[in-house]
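Printed here is target.cif (mmCIF, C-alpha atoms and all ligand atoms):
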```
data_structure
loop_
_atom_site.label_atom_id
_atom_site.label_comp_id
_atom_site.auth_asym_id
_atom_site.auth_seq_id
_atom_site.Cartn_x
_atom_site.Cartn_y
_atom_site.Cartn_z
CA MET R 1 122.86 -57.11 -28.33
CA LYS R 2 125.90 -59.42 -28.49
CA VAL R 3 125.49 -62.42 -26.20
CA GLY R 4 128.31 -64.82 -25.30
CA LEU R 5 127.17 -68.38 -24.55
CA LEU R 6 129.08 -70.68 -22.23
CA PHE R 7 127.63 -74.19 -22.53
CA GLY R 8 128.25 -76.84 -19.92
CA SER R 9 127.01 -79.35 -17.40
CA PHE R 10 127.93 -77.08 -14.47
CA ASN R 11 127.97 -80.06 -12.11
CA PRO R 12 128.60 -77.85 -10.15
CA ILE R 13 129.42 -74.34 -11.41
CA HIS R 14 132.72 -73.11 -9.93
CA VAL R 15 135.01 -70.07 -9.78
CA GLY R 16 136.75 -71.13 -13.02
CA HIS R 17 133.49 -70.75 -14.96
CA LEU R 18 132.59 -67.50 -13.18
CA LEU R 19 135.96 -65.81 -13.64
CA LEU R 20 135.96 -66.65 -17.33
CA ALA R 21 132.35 -65.61 -17.99
CA ASN R 22 132.72 -62.33 -16.11
CA TYR R 23 135.96 -61.52 -17.94
CA MET R 24 134.34 -62.19 -21.31
CA ALA R 25 131.31 -60.05 -20.41
CA THR R 26 133.36 -57.10 -19.18
CA ASN R 27 136.55 -57.15 -21.30
CA THR R 28 135.32 -57.95 -24.81
CA ASP R 29 132.65 -56.55 -27.10
CA LEU R 30 130.08 -58.94 -25.59
CA ASN R 31 127.21 -57.21 -23.77
CA THR R 32 126.50 -60.20 -21.57
CA VAL R 33 127.40 -63.87 -21.07
CA TRP R 34 124.77 -66.56 -20.50
CA PHE R 35 125.51 -69.91 -18.92
CA VAL R 36 123.57 -72.53 -20.90
CA VAL R 37 122.99 -75.53 -18.65
CA SER R 38 123.10 -78.76 -20.68
CA PRO R 39 121.01 -81.64 -19.30
CA GLN R 40 123.19 -84.16 -21.14
CA ASN R 41 126.50 -83.51 -22.88
CA PRO R 42 126.66 -85.89 -25.91
CA PHE R 43 130.27 -86.83 -25.07
CA LYS R 44 130.09 -87.19 -21.29
CA GLN R 45 128.63 -90.04 -19.26
CA SER R 46 128.62 -89.50 -15.51
CA ASN R 47 126.95 -91.28 -12.64
CA THR R 48 127.45 -88.17 -10.51
CA LEU R 49 125.43 -85.88 -12.79
CA LEU R 50 122.86 -84.06 -10.65
CA HIS R 51 119.36 -83.33 -11.90
CA GLU R 52 119.41 -80.35 -14.25
CA PHE R 53 117.18 -78.30 -11.93
CA ASP R 54 119.77 -78.55 -9.14
CA ARG R 55 122.54 -77.49 -11.53
CA LEU R 56 120.45 -74.61 -12.87
CA HIS R 57 119.66 -73.45 -9.35
CA MET R 58 123.35 -73.46 -8.40
CA VAL R 59 124.18 -71.35 -11.48
CA SER R 60 121.49 -68.83 -10.45
CA LEU R 61 122.88 -68.72 -6.91
CA ALA R 62 126.40 -68.22 -8.28
CA ILE R 63 125.42 -65.33 -10.56
CA GLY R 64 123.48 -63.58 -7.81
CA ASP R 65 122.86 -59.97 -8.76
CA ASN R 66 125.71 -59.70 -11.32
CA PRO R 67 124.10 -57.67 -14.16
CA ASP R 68 126.65 -58.89 -16.72
CA LEU R 69 125.77 -62.59 -16.45
CA GLY R 70 122.67 -64.67 -17.18
CA VAL R 71 121.55 -68.30 -17.22
CA SER R 72 119.49 -70.23 -19.74
CA ASN R 73 117.51 -73.46 -19.32
CA ILE R 74 116.66 -73.56 -23.02
CA GLU R 75 118.10 -77.08 -23.45
CA PHE R 76 115.74 -78.53 -20.82
CA GLN R 77 112.88 -78.50 -23.32
CA MET R 78 114.95 -79.82 -26.24
CA PRO R 79 115.80 -83.43 -27.24
CA LYS R 80 118.67 -85.09 -25.37
CA PRO R 81 121.63 -85.30 -25.63
CA SER R 82 122.12 -81.56 -26.02
CA TYR R 83 123.61 -80.61 -29.39
CA THR R 84 124.96 -77.06 -29.47
CA ILE R 85 123.99 -76.35 -33.09
CA ASP R 86 120.33 -77.15 -32.33
CA THR R 87 120.36 -74.85 -29.31
CA LEU R 88 122.02 -72.02 -31.24
CA THR R 89 119.43 -72.35 -34.02
CA TYR R 90 116.59 -72.33 -31.51
CA LEU R 91 117.97 -69.29 -29.66
CA GLN R 92 118.54 -67.38 -32.90
CA GLU R 93 114.90 -67.97 -33.90
CA LYS R 94 113.69 -66.89 -30.47
CA TYR R 95 115.87 -63.75 -30.37
CA PRO R 96 116.32 -62.74 -34.05
CA SER R 97 117.96 -59.39 -33.30
CA TYR R 98 120.64 -60.82 -30.99
CA GLU R 99 124.08 -61.98 -32.10
CA PHE R 100 125.11 -65.18 -30.31
CA VAL R 101 128.81 -65.91 -29.84
CA LEU R 102 129.99 -69.35 -28.71
CA ILE R 103 132.61 -69.27 -25.94
CA MET R 104 134.90 -72.27 -25.95
CA GLY R 105 138.12 -73.45 -24.28
CA GLU R 106 141.12 -74.23 -26.44
CA ASP R 107 140.86 -77.84 -25.24
CA ASN R 108 137.37 -78.16 -26.72
CA LEU R 109 138.38 -76.56 -30.00
CA ALA R 110 140.68 -79.49 -30.86
CA GLY R 111 137.69 -81.87 -30.71
CA PHE R 112 135.29 -79.40 -32.30
CA PRO R 113 135.24 -81.12 -35.73
CA LYS R 114 133.51 -84.08 -34.00
CA TRP R 115 130.56 -81.90 -32.92
CA LYS R 116 127.25 -82.17 -34.76
CA ASN R 117 127.23 -79.85 -37.81
CA TYR R 118 130.24 -77.90 -36.55
CA GLU R 119 130.61 -76.24 -39.96
CA SER R 120 127.15 -74.68 -39.52
CA ILE R 121 128.15 -73.35 -36.11
CA LEU R 122 131.14 -71.63 -37.74
CA ASN R 123 129.14 -70.40 -40.71
CA TYR R 124 126.49 -68.69 -38.63
CA HIS R 125 128.27 -67.76 -35.38
CA ARG R 126 131.49 -66.32 -34.12
CA VAL R 127 133.50 -68.39 -31.63
CA TYR R 128 135.63 -66.82 -28.88
CA VAL R 129 138.34 -69.24 -27.76
CA TYR R 130 140.20 -68.86 -24.47
CA PRO R 131 143.35 -70.69 -23.28
CA ARG R 132 143.07 -73.80 -21.07
CA SER R 133 146.13 -74.97 -19.16
CA GLY R 134 147.32 -78.40 -20.20
CA SER R 135 145.40 -78.33 -23.46
CA ALA R 136 147.18 -79.10 -26.69
CA THR R 137 147.48 -75.92 -28.70
CA THR R 138 145.64 -76.05 -31.95
CA ASP R 139 146.15 -74.11 -35.13
CA LEU R 140 142.39 -74.07 -35.70
CA THR R 141 142.29 -70.66 -33.98
CA THR R 142 144.26 -69.08 -36.77
CA ARG R 143 142.84 -71.22 -39.59
CA LEU R 144 139.14 -70.62 -39.00
CA PRO R 145 137.89 -67.17 -40.00
CA ASN R 146 135.11 -66.90 -37.43
CA VAL R 147 137.28 -67.94 -34.50
CA THR R 148 138.84 -65.26 -32.27
CA PHE R 149 141.35 -65.97 -29.53
CA VAL R 150 140.70 -64.07 -26.27
CA LYS R 151 143.54 -64.09 -23.79
CA ALA R 152 141.33 -64.48 -20.70
CA PRO R 153 142.70 -65.41 -17.26
CA VAL R 154 141.90 -69.04 -16.48
CA LEU R 155 141.93 -70.94 -13.18
CA ASP R 156 143.03 -74.55 -13.18
CA ILE R 157 139.98 -76.02 -11.45
CA SER R 158 137.29 -78.47 -12.52
CA ALA R 159 133.92 -79.74 -11.33
CA THR R 160 135.42 -83.25 -11.19
CA PHE R 161 138.06 -82.06 -8.70
CA ILE R 162 135.40 -80.36 -6.57
CA ARG R 163 133.15 -83.44 -6.55
CA ASP R 164 136.15 -85.57 -5.48
CA CYS R 165 136.99 -83.17 -2.65
CA ILE R 166 133.41 -83.22 -1.36
CA ARG R 167 133.24 -87.02 -1.48
CA GLN R 168 136.50 -87.22 0.49
CA GLY R 169 135.29 -84.68 3.07
CA LYS R 170 137.90 -82.09 2.05
CA SER R 171 137.29 -78.34 2.01
CA VAL R 172 136.03 -76.73 -1.20
CA ARG R 173 136.15 -73.22 0.24
CA TYR R 174 137.00 -70.56 -2.40
CA MET R 175 136.44 -73.07 -5.23
CA LEU R 176 132.78 -72.13 -5.51
CA PRO R 177 130.65 -69.25 -4.24
CA ASP R 178 129.57 -69.65 -0.60
CA GLU R 179 125.89 -69.81 -1.63
CA VAL R 180 126.60 -72.77 -3.91
CA ALA R 181 128.71 -74.53 -1.27
CA ALA R 182 125.89 -74.05 1.26
CA TYR R 183 123.30 -75.50 -1.17
CA ILE R 184 125.49 -78.55 -1.74
CA LYS R 185 125.97 -79.01 2.01
CA VAL R 186 122.30 -78.61 2.96
CA HIS R 187 121.14 -81.04 0.27
CA LYS R 188 124.01 -83.47 0.92
CA LEU R 189 125.03 -83.52 -2.76
CA TYR R 190 128.02 -85.34 -4.28
CA LEU R 191 128.61 -87.46 -1.14
N1 LIG Q 201 138.52 -73.79 -14.85
C1 LIG Q 201 137.91 -73.47 -15.98
N2 LIG Q 201 138.22 -72.31 -16.60
C2 LIG Q 201 137.63 -71.99 -17.76
N3 LIG Q 201 136.70 -72.75 -18.39
C3 LIG Q 201 136.36 -73.90 -17.83
C4 LIG Q 201 136.92 -74.32 -16.60
N4 LIG Q 201 136.39 -75.52 -16.27
C5 LIG Q 201 135.54 -75.82 -17.26
N5 LIG Q 201 135.50 -74.88 -18.19
C6 LIG Q 201 134.72 -74.83 -19.41
O1 LIG Q 201 133.40 -74.48 -19.04
C7 LIG Q 201 132.44 -75.19 -19.83
C8 LIG Q 201 131.53 -75.99 -18.97
O2 LIG Q 201 132.32 -76.83 -18.21
P1 LIG Q 201 131.83 -78.15 -17.50
O3 LIG Q 201 130.47 -77.98 -16.96
O4 LIG Q 201 132.09 -79.32 -18.37
O5 LIG Q 201 132.86 -78.05 -16.26
P2 LIG Q 201 134.10 -78.89 -15.85
O6 LIG Q 201 134.64 -78.26 -14.62
O7 LIG Q 201 135.06 -79.10 -16.99
O8 LIG Q 201 133.36 -80.26 -15.51
P3 LIG Q 201 133.85 -81.75 -15.29
O9 LIG Q 201 135.10 -81.71 -14.43
O10 LIG Q 201 132.68 -82.39 -14.60
O11 LIG Q 201 134.12 -82.35 -16.65
C9 LIG Q 201 133.25 -76.07 -20.78
O12 LIG Q 201 133.36 -75.39 -22.01
C10 LIG Q 201 134.59 -76.19 -20.10
O13 LIG Q 201 135.64 -76.39 -21.04
O1 LIG Q 202 126.95 -80.31 -30.23
C1 LIG Q 202 127.79 -81.20 -30.02
O2 LIG Q 202 128.00 -82.11 -30.84
C2 LIG Q 202 128.55 -81.17 -28.71
C3 LIG Q 202 129.57 -82.09 -28.45
C4 LIG Q 202 130.25 -82.00 -27.25
C5 LIG Q 202 129.92 -81.05 -26.31
N1 LIG Q 202 128.92 -80.18 -26.60
C6 LIG Q 202 128.52 -79.18 -25.59
O3 LIG Q 202 129.65 -78.47 -25.12
C7 LIG Q 202 129.42 -78.09 -23.76
C8 LIG Q 202 130.67 -78.20 -22.94
O4 LIG Q 202 131.22 -79.47 -23.12
P1 LIG Q 202 132.24 -80.07 -22.06
O5 LIG Q 202 132.74 -81.34 -22.69
O6 LIG Q 202 133.34 -79.10 -21.86
O7 LIG Q 202 131.45 -80.29 -20.82
C9 LIG Q 202 128.24 -78.93 -23.28
O8 LIG Q 202 127.19 -78.08 -23.05
C10 LIG Q 202 127.92 -79.87 -24.39
O9 LIG Q 202 126.53 -80.09 -24.60
C11 LIG Q 202 128.24 -80.22 -27.75
#
```

Please rewrite the model in this file as structure tokens.
Amino acid sequence: MKVGLLFGSFNPIHVGHLLLANYMATNTDLNTVWFVVSPQNPFKQSNTLLHEFDRLHMVSLAIGDNPDLGVSNIEFQMPKPSYTIDTLTYLQEKYPSYEFVLIMGEDNLAGFPKWKNYESILNYHRVYVYPRSGSATTDLTTRLPNVTFVKAPVLDISATFIRDCIRQGKSVRYMLPDEVAAYIKVHKLYL
């Protein structure tokens, strides 16, 4: 079983994440892609970060009955902030027969050497890198042996943009699944 992992805050999950994850799960050698909801990204401070249970619930709503996608709350029980190498190690111990592949945007790859023990991530795991518009291209993709570039379609949308739209009372229709938009509306989130 080859599992792609897309780590993030998902505050909230949006169509950009879903399009990418579904493409990776159905157009590469990955059997499935799991969204790993991070309670606290080590590099991001935000006063609009919702409780992790709300973010997890929205990811579950977004996936619905899609058999190719999954969600993990593994980082909820781990020390914060959430370091990816620790999570990968934990997952590999829990599922010894699975191969875990890290999915990462080209924008993140440029800053990857600042991640905790990034060499260990590369030693023990493959990384699938996809293009991000506006990101500086990096030659790390070709230099690092375990890194594979996947030319996935990418939408230019972010959770920050969606939160701003909601706060300003603008429509977010088509930016997130209807179920997620309804959850945000009912619970008056991001206002
Ligand atoms: N539109 C998108 N297309 C593809 N990947 C994306 C997109 N937006 C974010 N990602 C990637 O998905 C992962 C999780 O993203 P994250 O939760 O940080 O979302 P975000 O939209 O970038 O959030 P924010 O705007 O709050 O920083 C990260 O690896 C991020 O680079
Ligand atoms: O392990 C690290 O050192 C590390 C440093 C920066 C980011 N990450 C993880 O990368 C994921 C996506 O990051 P971001 O910045 O795109 O939101 C998120 O789940 C973070 O926990 C991990």

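Among the candidates R:Val150, R:His125, R:Asn41, R:Arg167, the one nearest to Tyr98 in chain R when counting all atoms listed in the file is R:His125.
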
Restrict the calculation to all atoms listed in the file, then for each residue of chain R with any atom at most 7 Å from an atom of ligand LIG 201 (chain Q) give the closest atom pair and their distance in Å to one decimal, rows by chain and rising residue number, as a tab-separated table.
```
residue	atom	partner	partner_atom	distance
R:Leu6	CA	Q:LIG201	C7	6.1
R:Phe7	CA	Q:LIG201	C8	5.6
R:Gly8	CA	Q:LIG201	C8	3.5
R:Ser9	CA	Q:LIG201	O3	3.7
R:Phe10	CA	Q:LIG201	O3	3.7
R:Asn11	CA	Q:LIG201	O10	5.8
R:Ile13	CA	Q:LIG201	O3	6.7
R:Gly16	CA	Q:LIG201	N1	3.7
R:His17	CA	Q:LIG201	N3	5.1
R:Leu20	CA	Q:LIG201	C2	5.6
R:Met104	CA	Q:LIG201	O12	5.3
R:Gly105	CA	Q:LIG201	O13	5.0
R:Asp107	CA	Q:LIG201	O13	6.9
R:Asn108	CA	Q:LIG201	O13	6.2
R:Arg132	CA	Q:LIG201	C2	6.6
R:Val154	CA	Q:LIG201	N2	4.9
R:Leu155	CA	Q:LIG201	N1	4.7
R:Asp156	CA	Q:LIG201	N1	4.9
R:Ile157	CA	Q:LIG201	N1	4.3
R:Ser158	CA	Q:LIG201	O6	3.4
R:Ala159	CA	Q:LIG201	O6	3.7
R:Thr160	CA	Q:LIG201	O9	3.6
R:Phe161	CA	Q:LIG201	O9	6.5
```

Margin query: Using only C-alpha atoms, which protein or nucleic acid residues come within 12 Å of range 57-66 of chain R? Drop anything in the same chain fewer than 5 positions from it, and give the result as a PyMOL selection string.
Written below: chain R and resi 6-19+21-22+25-26+32-38+50-52+71-73+175-184+187+189

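Restricting the calculation to only C-alpha atoms and all ligand atoms, the smallest distance between ligand LIG 202 (chain Q) and any of R:Val3, R:Leu102, R:Val186, R:Leu91 is found for R:Leu102.
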
Next item on the list: Please measure the separation of CA of Ile162 in chain R and CA of Leu49 in chain R, giving the value in Å to one decimal.
Entry: 13.0 Å

Check: Which is closest to ligand LIG 202 (chain Q) among R:Gln92, R:Thr48, R:Gln168, R:Thr84, if we use all atoms listed in the file?
Finding: R:Thr84

Item checked: R:Leu56, R:Ile85, R:Met1, R:Met24 ranked by distance to ligand LIG 202 (chain Q), top pick (using all atoms listed in the file) -> R:Ile85

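CA of Arg173 in chain R is positioned 24.3 Å from atom C8 of ligand LIG 202 (chain Q).
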
Notebook entry, point to check: When you draw a straight line from atom O2 of ligand LIG 202 (chain Q) to CA of Phe43 in chain R, how long is it in Å?
Noted result: 7.8 Å

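Between ligand LIG 202 (chain Q) and the candidates R:Asp68, R:Glu119, R:Glu93, R:Asp164, the tightest atom-to-atom separation, counting only C-alpha atoms and all ligand atoms, involves R:Glu119.
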
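Within the 9 Å cut-off around range 78-80 of chain R, using only C-alpha atoms and omitting residues fewer than 2 positions from it on the same chain, the listed residues are Pro39, Gln40, Asn41, Pro42, Ile74, Glu75, Phe76, Ser82, Tyr83, Asp86 and Thr87 of chain R.
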
Close residues, Asn146 in chain R itself excluded, 9 Å, all atoms listed in the file, min 5 positions apart in chain, as a short mmCIF file (atom, residue, chain, number, x, y, z; two decimals) with C-alpha atoms, in the frame of the given file:
```
data_model
loop_
_atom_site.label_atom_id
_atom_site.label_comp_id
_atom_site.auth_asym_id
_atom_site.auth_seq_id
_atom_site.Cartn_x
_atom_site.Cartn_y
_atom_site.Cartn_z
CA LEU R 122 131.14 -71.63 -37.74
CA ASN R 123 129.14 -70.40 -40.71
CA TYR R 124 126.49 -68.69 -38.63
CA HIS R 125 128.27 -67.76 -35.38
CA ARG R 126 131.49 -66.32 -34.12
CA VAL R 127 133.50 -68.39 -31.63
CA TYR R 128 135.63 -66.82 -28.88
CA THR R 141 142.29 -70.66 -33.98
#
```

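Proximity ranking of R:Gln77, R:Asn47, R:Asn27, R:Asn117 relative to ligand LIG 202 (chain Q) places R:Asn117 first, based on all atoms listed in the file.
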
Take every atom of ligand LIG 202 (chain Q) listed in the file, fit an axis-aligned box around them, add 6 Å per side, and give the centre and edge lengths in Å to one decimal as JSON.
```
{"center_x": 129.9, "center_y": -80.1, "center_z": -25.8, "size_x": 18.8, "size_y": 16.0, "size_z": 22.0}
```

Completion of range 43-72 of chain R up to N, CA and C atoms, as a JSON list (two decimals), keeping the file's coordinate frame:
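Contents of result31.json, as written:
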```json
[["chain", "number", "residue", "atom", "x", "y", "z"],
["R", 43, "PHE", "N", 129.00, -86.11, -25.20],
["R", 43, "PHE", "CA", 130.27, -86.83, -25.07],
["R", 43, "PHE", "C", 130.58, -87.27, -23.65],
["R", 44, "LYS", "N", 129.73, -86.89, -22.68],
["R", 44, "LYS", "CA", 130.09, -87.19, -21.29],
["R", 44, "LYS", "C", 129.05, -88.08, -20.63],
["R", 45, "GLN", "N", 129.50, -89.20, -20.07],
["R", 45, "GLN", "CA", 128.63, -90.04, -19.26],
["R", 45, "GLN", "C", 129.11, -89.89, -17.82],
["R", 46, "SER", "N", 128.20, -89.65, -16.90],
["R", 46, "SER", "CA", 128.62, -89.50, -15.51],
["R", 46, "SER", "C", 127.54, -90.04, -14.59],
["R", 47, "ASN", "N", 127.96, -90.82, -13.60],
["R", 47, "ASN", "CA", 126.95, -91.28, -12.64],
["R", 47, "ASN", "C", 126.82, -90.30, -11.47],
["R", 48, "THR", "N", 127.57, -89.20, -11.56],
["R", 48, "THR", "CA", 127.45, -88.17, -10.51],
["R", 48, "THR", "C", 126.71, -86.94, -11.02],
["R", 49, "LEU", "N", 126.10, -87.05, -12.22],
["R", 49, "LEU", "CA", 125.43, -85.88, -12.79],
["R", 49, "LEU", "C", 124.14, -85.60, -12.02],
["R", 50, "LEU", "N", 124.07, -84.43, -11.39],
["R", 50, "LEU", "CA", 122.86, -84.06, -10.65],
["R", 50, "LEU", "C", 121.74, -83.72, -11.61],
["R", 51, "HIS", "N", 120.51, -83.73, -11.10],
["R", 51, "HIS", "CA", 119.36, -83.33, -11.90],
["R", 51, "HIS", "C", 119.60, -81.91, -12.42],
["R", 52, "GLU", "N", 119.14, -81.66, -13.64],
["R", 52, "GLU", "CA", 119.41, -80.35, -14.25],
["R", 52, "GLU", "C", 118.85, -79.16, -13.45],
["R", 53, "PHE", "N", 117.74, -79.41, -12.71],
["R", 53, "PHE", "CA", 117.18, -78.30, -11.93],
["R", 53, "PHE", "C", 118.10, -77.90, -10.79],
["R", 54, "ASP", "N", 118.79, -78.87, -10.18],
["R", 54, "ASP", "CA", 119.77, -78.55, -9.14],
["R", 54, "ASP", "C", 120.92, -77.75, -9.73],
["R", 55, "ARG", "N", 121.39, -78.18, -10.90],
["R", 55, "ARG", "CA", 122.54, -77.49, -11.53],
["R", 55, "ARG", "C", 122.15, -76.08, -11.96],
["R", 56, "LEU", "N", 120.94, -75.94, -12.49],
["R", 56, "LEU", "CA", 120.45, -74.61, -12.87],
["R", 56, "LEU", "C", 120.35, -73.70, -11.65],
["R", 57, "HIS", "N", 119.82, -74.25, -10.56],
["R", 57, "HIS", "CA", 119.66, -73.45, -9.35],
["R", 57, "HIS", "C", 121.02, -72.97, -8.83],
["R", 58, "MET", "N", 122.01, -73.85, -8.88],
["R", 58, "MET", "CA", 123.35, -73.46, -8.40],
["R", 58, "MET", "C", 123.95, -72.36, -9.29],
["R", 59, "VAL", "N", 123.68, -72.42, -10.59],
["R", 59, "VAL", "CA", 124.18, -71.35, -11.48],
["R", 59, "VAL", "C", 123.51, -70.02, -11.09],
["R", 60, "SER", "N", 122.20, -70.06, -10.84],
["R", 60, "SER", "CA", 121.49, -68.83, -10.45],
["R", 60, "SER", "C", 122.05, -68.28, -9.13],
["R", 61, "LEU", "N", 122.30, -69.16, -8.18],
["R", 61, "LEU", "CA", 122.88, -68.72, -6.91],
["R", 61, "LEU", "C", 124.25, -68.09, -7.14],
["R", 62, "ALA", "N", 125.03, -68.69, -8.03],
["R", 62, "ALA", "CA", 126.40, -68.22, -8.28],
["R", 62, "ALA", "C", 126.40, -66.84, -8.94],
["R", 63, "ILE", "N", 125.48, -66.63, -9.86],
["R", 63, "ILE", "CA", 125.42, -65.33, -10.56],
["R", 63, "ILE", "C", 124.95, -64.23, -9.61],
["R", 64, "GLY", "N", 124.00, -64.58, -8.75],
["R", 64, "GLY", "CA", 123.48, -63.58, -7.81],
["R", 64, "GLY", "C", 122.93, -62.37, -8.54],
["R", 65, "ASP", "N", 123.38, -61.19, -8.13],
["R", 65, "ASP", "CA", 122.86, -59.97, -8.76],
["R", 65, "ASP", "C", 123.84, -59.38, -9.79],
["R", 66, "ASN", "N", 124.76, -60.19, -10.30],
["R", 66, "ASN", "CA", 125.71, -59.70, -11.32],
["R", 66, "ASN", "C", 124.95, -59.36, -12.61],
["R", 67, "PRO", "N", 124.90, -58.07, -12.99],
["R", 67, "PRO", "CA", 124.10, -57.67, -14.16],
["R", 67, "PRO", "C", 124.72, -58.10, -15.49],
["R", 68, "ASP", "N", 125.97, -58.54, -15.46],
["R", 68, "ASP", "CA", 126.65, -58.89, -16.72],
["R", 68, "ASP", "C", 126.46, -60.37, -17.11],
["R", 69, "LEU", "N", 125.90, -61.15, -16.20],
["R", 69, "LEU", "CA", 125.77, -62.59, -16.45],
["R", 69, "LEU", "C", 124.32, -63.04, -16.42],
["R", 70, "GLY", "N", 124.02, -64.11, -17.18],
["R", 70, "GLY", "CA", 122.67, -64.67, -17.18],
["R", 70, "GLY", "C", 122.75, -66.19, -17.27],
["R", 71, "VAL", "N", 121.59, -66.83, -17.13],
["R", 71, "VAL", "CA", 121.55, -68.30, -17.22],
["R", 71, "VAL", "C", 120.38, -68.70, -18.09],
["R", 72, "SER", "N", 120.56, -69.76, -18.87],
["R", 72, "SER", "CA", 119.49, -70.23, -19.74],
["R", 72, "SER", "C", 119.22, -71.71, -19.50]]
```
